[in-house]
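Taking it in order: structure first as structure tokens, then the write-up.
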Amino acid sequence: MIRHSTLRNLVFALLMSLPLILPAQSVNEAKPSRPYRLFTTGKQFTIKSPKEIRQLLVWTASGHRIIEQRELNESIYTFRVDVKEKYFFMMVQLSDGKVFTEKIGIP
């Protein structure tokens, strides 16, 4: 059976760690959603944004850059990925200068 002092120390440690845990959760919940939409059809991707897309980079999970488009200045952009990998990373920079990254996968 757990001794009273051990149980008290365990509860005290748990209560003291709550301030460290709770702010981390609230920061993740306050993360702004991306202002664009990503649509996929097989290996074809379409990005639609209310703001103009300034720059787009897509690279494979192994680090090979497959798309690099600068000075796009379009609100809709479609591209096709013909590389035989399942996961990619995408970086979108909008006209207001904000940058968004995400991991995308192909079924």
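Residues in the structure tokens are numbered from 1 in each chain, the chains being A, B, ... in the order shown, and ligands are numbered from 1 in the order shown.
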Selection near segment 91-107 of chain A, 9 Å with only C-alpha atoms, sequence-local residues under 4 positions removed, as a list in words: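 Within the cut-off, the hits are Arg34, Thr40, Gly42, Lys43, Ser49, Lys51, Glu52, Ile53, Arg54, Gln55, Leu56, Leu57, Val58, Trp59, Ala61, Asn73, Glu85, Lys86 and Tyr87 of chain A.
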Next, the residues of the selection above should be written as a short mmCIF file (atom, residue, chain, number, x, y, z; two decimals), in the first residue's frame with C-alpha atoms.
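Output below, filename again-v9.cif:
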data_model
loop_
_atom_site.label_atom_id
_atom_site.label_comp_id
_atom_site.auth_asym_id
_atom_site.auth_seq_id
_atom_site.Cartn_x
_atom_site.Cartn_y
_atom_site.Cartn_z
CA ARG A 34 -4.80 28.42 -42.44
CA THR A 40 -6.68 16.88 -53.79
CA GLY A 42 -5.20 11.72 -56.79
CA LYS A 43 -1.84 13.36 -57.37
CA SER A 49 -7.00 31.39 -51.15
CA LYS A 51 -5.45 36.35 -50.65
CA GLU A 52 -2.97 35.99 -53.46
CA ILE A 53 -0.40 33.22 -53.17
CA ARG A 54 3.03 34.78 -53.46
CA GLN A 55 5.24 31.71 -53.16
CA LEU A 56 4.83 27.91 -53.11
CA LEU A 57 7.41 25.28 -52.25
CA VAL A 58 6.75 21.53 -52.20
CA TRP A 59 9.37 18.99 -51.21
CA ALA A 61 9.85 13.76 -47.07
CA ASN A 73 0.40 36.33 -57.37
CA GLU A 85 6.45 9.15 -52.48
CA LYS A 86 3.54 9.17 -50.07
CA TYR A 87 4.34 12.24 -47.96
#
Neighbour list for Thr41 of chain A as a short mmCIF file (atom, residue, chain, number, x, y, z; two decimals) with C-alpha atoms, in the first residue's frame, cut-off 12 Å, only C-alpha atoms, skip fewer than 2 positions in-chain:
data_model
loop_
_atom_site.label_atom_id
_atom_site.label_comp_id
_atom_site.auth_asym_id
_atom_site.auth_seq_id
_atom_site.Cartn_x
_atom_site.Cartn_y
_atom_site.Cartn_z
CA LEU A 38 -6.14 22.53 -50.25
CA PHE A 39 -8.06 20.19 -52.54
CA LYS A 43 -1.84 13.36 -57.37
CA GLN A 44 -3.29 16.73 -58.41
CA PHE A 45 -3.48 19.50 -55.81
CA THR A 46 -5.35 22.80 -55.97
CA ILE A 47 -4.81 25.65 -53.53
CA THR A 78 -3.04 23.79 -59.37
CA PHE A 79 -0.06 21.45 -59.52
CA ARG A 80 0.56 17.75 -60.03
CA VAL A 81 3.03 15.58 -58.14
CA GLY A 105 -0.02 12.80 -48.11
CA ILE A 106 -1.05 10.94 -51.21
CA PRO A 107 -3.22 7.85 -50.69
#
Query raised in the report: Which distance in Å separates atom CA of Arg65 of chain A and atom CA of Pro50 of chain A, to one decimal?
Result: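 Those two atoms sit 26.0 Å apart.
From atom CA of Glu68 of chain A back to atom CA of Val83 of chain A, the distance works out to 14.7 Å.
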Could you state the separation of atom CA of Leu72 of chain A and atom CA of Thr60 of chain A in Å, given to one decimal place?
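Pair atom CA of Leu72 of chain A / atom CA of Thr60 of chain A returns 21.0 Å.
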Using only C-alpha atoms, the shortest atom-to-atom distance to Ser75 of chain A among A:Met90, A:Pro35, A:Arg8, A:Lys48 belongs to A:Lys48
| strand (DSSP E) residues, from DSSP on the backbone, in segment 22-87 of chain A, as a ChimeraX atom specification | /A:37-41,44-60,65-80,87
Using N, CA and C atoms, can you write the selected residues to a file as an mmCIF file, in the first residue's frame?
data_model
loop_
_atom_site.group_PDB
_atom_site.id
_atom_site.type_symbol
_atom_site.label_atom_id
_atom_site.label_comp_id
_atom_site.auth_asym_id
_atom_site.auth_seq_id
_atom_site.Cartn_x
_atom_site.Cartn_y
_atom_site.Cartn_z
ATOM 1 N N ARG A 37 -7.449 26.875 -48.759
ATOM 2 C CA ARG A 37 -7.986 25.508 -48.793
ATOM 3 C C ARG A 37 -7.151 24.697 -49.757
ATOM 4 N N LEU A 38 -6.902 23.444 -49.409
ATOM 5 C CA LEU A 38 -6.137 22.533 -50.250
ATOM 6 C C LEU A 38 -7.060 21.402 -50.677
ATOM 7 N N PHE A 39 -7.225 21.242 -51.986
ATOM 8 C CA PHE A 39 -8.064 20.186 -52.541
ATOM 9 C C PHE A 39 -7.174 19.191 -53.276
ATOM 10 N N THR A 40 -7.473 17.903 -53.117
ATOM 11 C CA THR A 40 -6.678 16.881 -53.789
ATOM 12 C C THR A 40 -7.571 15.973 -54.611
ATOM 13 N N THR A 41 -7.047 15.585 -55.760
ATOM 14 C CA THR A 41 -7.669 14.584 -56.610
ATOM 15 C C THR A 41 -6.543 13.699 -57.107
ATOM 16 N N GLN A 44 -3.105 15.326 -58.028
ATOM 17 C CA GLN A 44 -3.288 16.730 -58.405
ATOM 18 C C GLN A 44 -3.776 17.513 -57.192
ATOM 19 N N PHE A 45 -3.160 18.655 -56.957
ATOM 20 C CA PHE A 45 -3.477 19.503 -55.813
ATOM 21 C C PHE A 45 -3.900 20.875 -56.309
ATOM 22 N N THR A 46 -4.906 21.447 -55.666
ATOM 23 C CA THR A 46 -5.355 22.800 -55.971
ATOM 24 C C THR A 46 -5.411 23.582 -54.677
ATOM 25 N N ILE A 47 -4.801 24.750 -54.680
ATOM 26 C CA ILE A 47 -4.813 25.645 -53.525
ATOM 27 C C ILE A 47 -5.682 26.840 -53.900
ATOM 28 N N LYS A 48 -6.673 27.129 -53.045
ATOM 29 C CA LYS A 48 -7.535 28.293 -53.235
ATOM 30 C C LYS A 48 -7.412 29.166 -52.004
ATOM 31 N N SER A 49 -7.202 30.462 -52.254
ATOM 32 C CA SER A 49 -6.995 31.387 -51.151
ATOM 33 C C SER A 49 -7.706 32.704 -51.436
ATOM 34 N N PRO A 50 -8.281 33.326 -50.405
ATOM 35 C CA PRO A 50 -8.870 34.655 -50.613
ATOM 36 C C PRO A 50 -7.797 35.716 -50.865
ATOM 37 N N LYS A 51 -6.581 35.461 -50.391
ATOM 38 C CA LYS A 51 -5.449 36.351 -50.645
ATOM 39 C C LYS A 51 -4.585 35.717 -51.730
ATOM 40 N N GLU A 52 -3.826 36.525 -52.410
ATOM 41 C CA GLU A 52 -2.968 35.994 -53.459
ATOM 42 C C GLU A 52 -1.834 35.162 -52.869
ATOM 43 N N ILE A 53 -1.514 34.078 -53.557
ATOM 44 C CA ILE A 53 -0.401 33.216 -53.165
ATOM 45 C C ILE A 53 0.852 33.807 -53.798
ATOM 46 N N ARG A 54 1.799 34.181 -52.961
ATOM 47 C CA ARG A 54 3.029 34.779 -53.458
ATOM 48 C C ARG A 54 4.051 33.713 -53.818
ATOM 49 N N GLN A 55 4.184 32.691 -52.968
ATOM 50 C CA GLN A 55 5.238 31.708 -53.162
ATOM 51 C C GLN A 55 4.745 30.338 -52.730
ATOM 52 N N LEU A 56 5.194 29.288 -53.438
ATOM 53 C CA LEU A 56 4.830 27.914 -53.106
ATOM 54 C C LEU A 56 6.056 27.039 -53.251
ATOM 55 N N LEU A 57 6.337 26.270 -52.220
ATOM 56 C CA LEU A 57 7.406 25.278 -52.255
ATOM 57 C C LEU A 57 6.820 23.941 -51.838
ATOM 58 N N VAL A 58 7.161 22.890 -52.563
ATOM 59 C CA VAL A 58 6.752 21.532 -52.199
ATOM 60 C C VAL A 58 7.992 20.662 -52.275
ATOM 61 N N TRP A 59 8.226 19.885 -51.211
ATOM 62 C CA TRP A 59 9.368 18.992 -51.212
ATOM 63 C C TRP A 59 8.975 17.657 -50.625
ATOM 64 N N THR A 60 9.750 16.634 -50.961
ATOM 65 C CA THR A 60 9.457 15.285 -50.504
ATOM 66 C C THR A 60 9.905 15.124 -49.060
ATOM 67 N N ARG A 65 13.354 18.921 -53.377
ATOM 68 C CA ARG A 65 12.408 19.968 -53.766
ATOM 69 C C ARG A 65 11.828 19.604 -55.130
ATOM 70 N N ILE A 66 10.492 19.561 -55.214
ATOM 71 C CA ILE A 66 9.873 19.191 -56.481
ATOM 72 C C ILE A 66 9.115 20.347 -57.129
ATOM 73 N N ILE A 67 8.695 21.336 -56.339
ATOM 74 C CA ILE A 67 8.038 22.523 -56.880
ATOM 75 C C ILE A 67 8.573 23.742 -56.153
ATOM 76 N N GLU A 68 8.965 24.733 -56.936
ATOM 77 C CA GLU A 68 9.375 26.016 -56.371
ATOM 78 C C GLU A 68 8.830 27.099 -57.287
ATOM 79 N N GLN A 69 7.778 27.747 -56.835
ATOM 80 C CA GLN A 69 7.141 28.819 -57.607
ATOM 81 C C GLN A 69 7.215 30.105 -56.791
ATOM 82 N N ARG A 70 7.860 31.097 -57.347
ATOM 83 C CA ARG A 70 7.973 32.408 -56.695
ATOM 84 C C ARG A 70 7.212 33.428 -57.521
ATOM 85 N N GLU A 71 6.749 34.467 -56.869
ATOM 86 C CA GLU A 71 6.004 35.539 -57.540
ATOM 87 C C GLU A 71 4.805 35.004 -58.323
ATOM 88 N N LEU A 72 4.039 34.113 -57.686
ATOM 89 C CA LEU A 72 2.842 33.566 -58.329
ATOM 90 C C LEU A 72 1.764 34.630 -58.490
ATOM 91 N N ASN A 73 1.424 35.281 -57.391
ATOM 92 C CA ASN A 73 0.402 36.332 -57.366
ATOM 93 C C ASN A 73 -0.917 35.872 -57.964
ATOM 94 N N GLU A 74 -1.350 34.681 -57.568
ATOM 95 C CA GLU A 74 -2.627 34.124 -57.996
ATOM 96 C C GLU A 74 -3.369 33.614 -56.766
ATOM 97 N N SER A 75 -4.681 33.611 -56.818
ATOM 98 C CA SER A 75 -5.461 33.121 -55.681
ATOM 99 C C SER A 75 -5.820 31.645 -55.834
ATOM 100 N N ILE A 76 -5.666 31.087 -57.026
ATOM 101 C CA ILE A 76 -5.887 29.655 -57.271
ATOM 102 C C ILE A 76 -4.678 29.110 -58.015
ATOM 103 N N TYR A 77 -4.122 28.009 -57.513
ATOM 104 C CA TYR A 77 -2.967 27.404 -58.172
ATOM 105 C C TYR A 77 -3.129 25.894 -58.128
ATOM 106 N N THR A 78 -2.930 25.246 -59.268
ATOM 107 C CA THR A 78 -3.038 23.789 -59.371
ATOM 108 C C THR A 78 -1.689 23.222 -59.789
ATOM 109 N N PHE A 79 -1.300 22.125 -59.136
ATOM 110 C CA PHE A 79 -0.060 21.449 -59.519
ATOM 111 C C PHE A 79 -0.250 19.947 -59.375
ATOM 112 N N ARG A 80 0.606 19.210 -60.054
ATOM 113 C CA ARG A 80 0.557 17.749 -60.033
ATOM 114 C C ARG A 80 1.896 17.227 -59.530
ATOM 115 N N TYR A 87 4.440 11.046 -48.796
ATOM 116 C CA TYR A 87 4.341 12.241 -47.962
ATOM 117 C C TYR A 87 5.179 13.370 -48.531
#
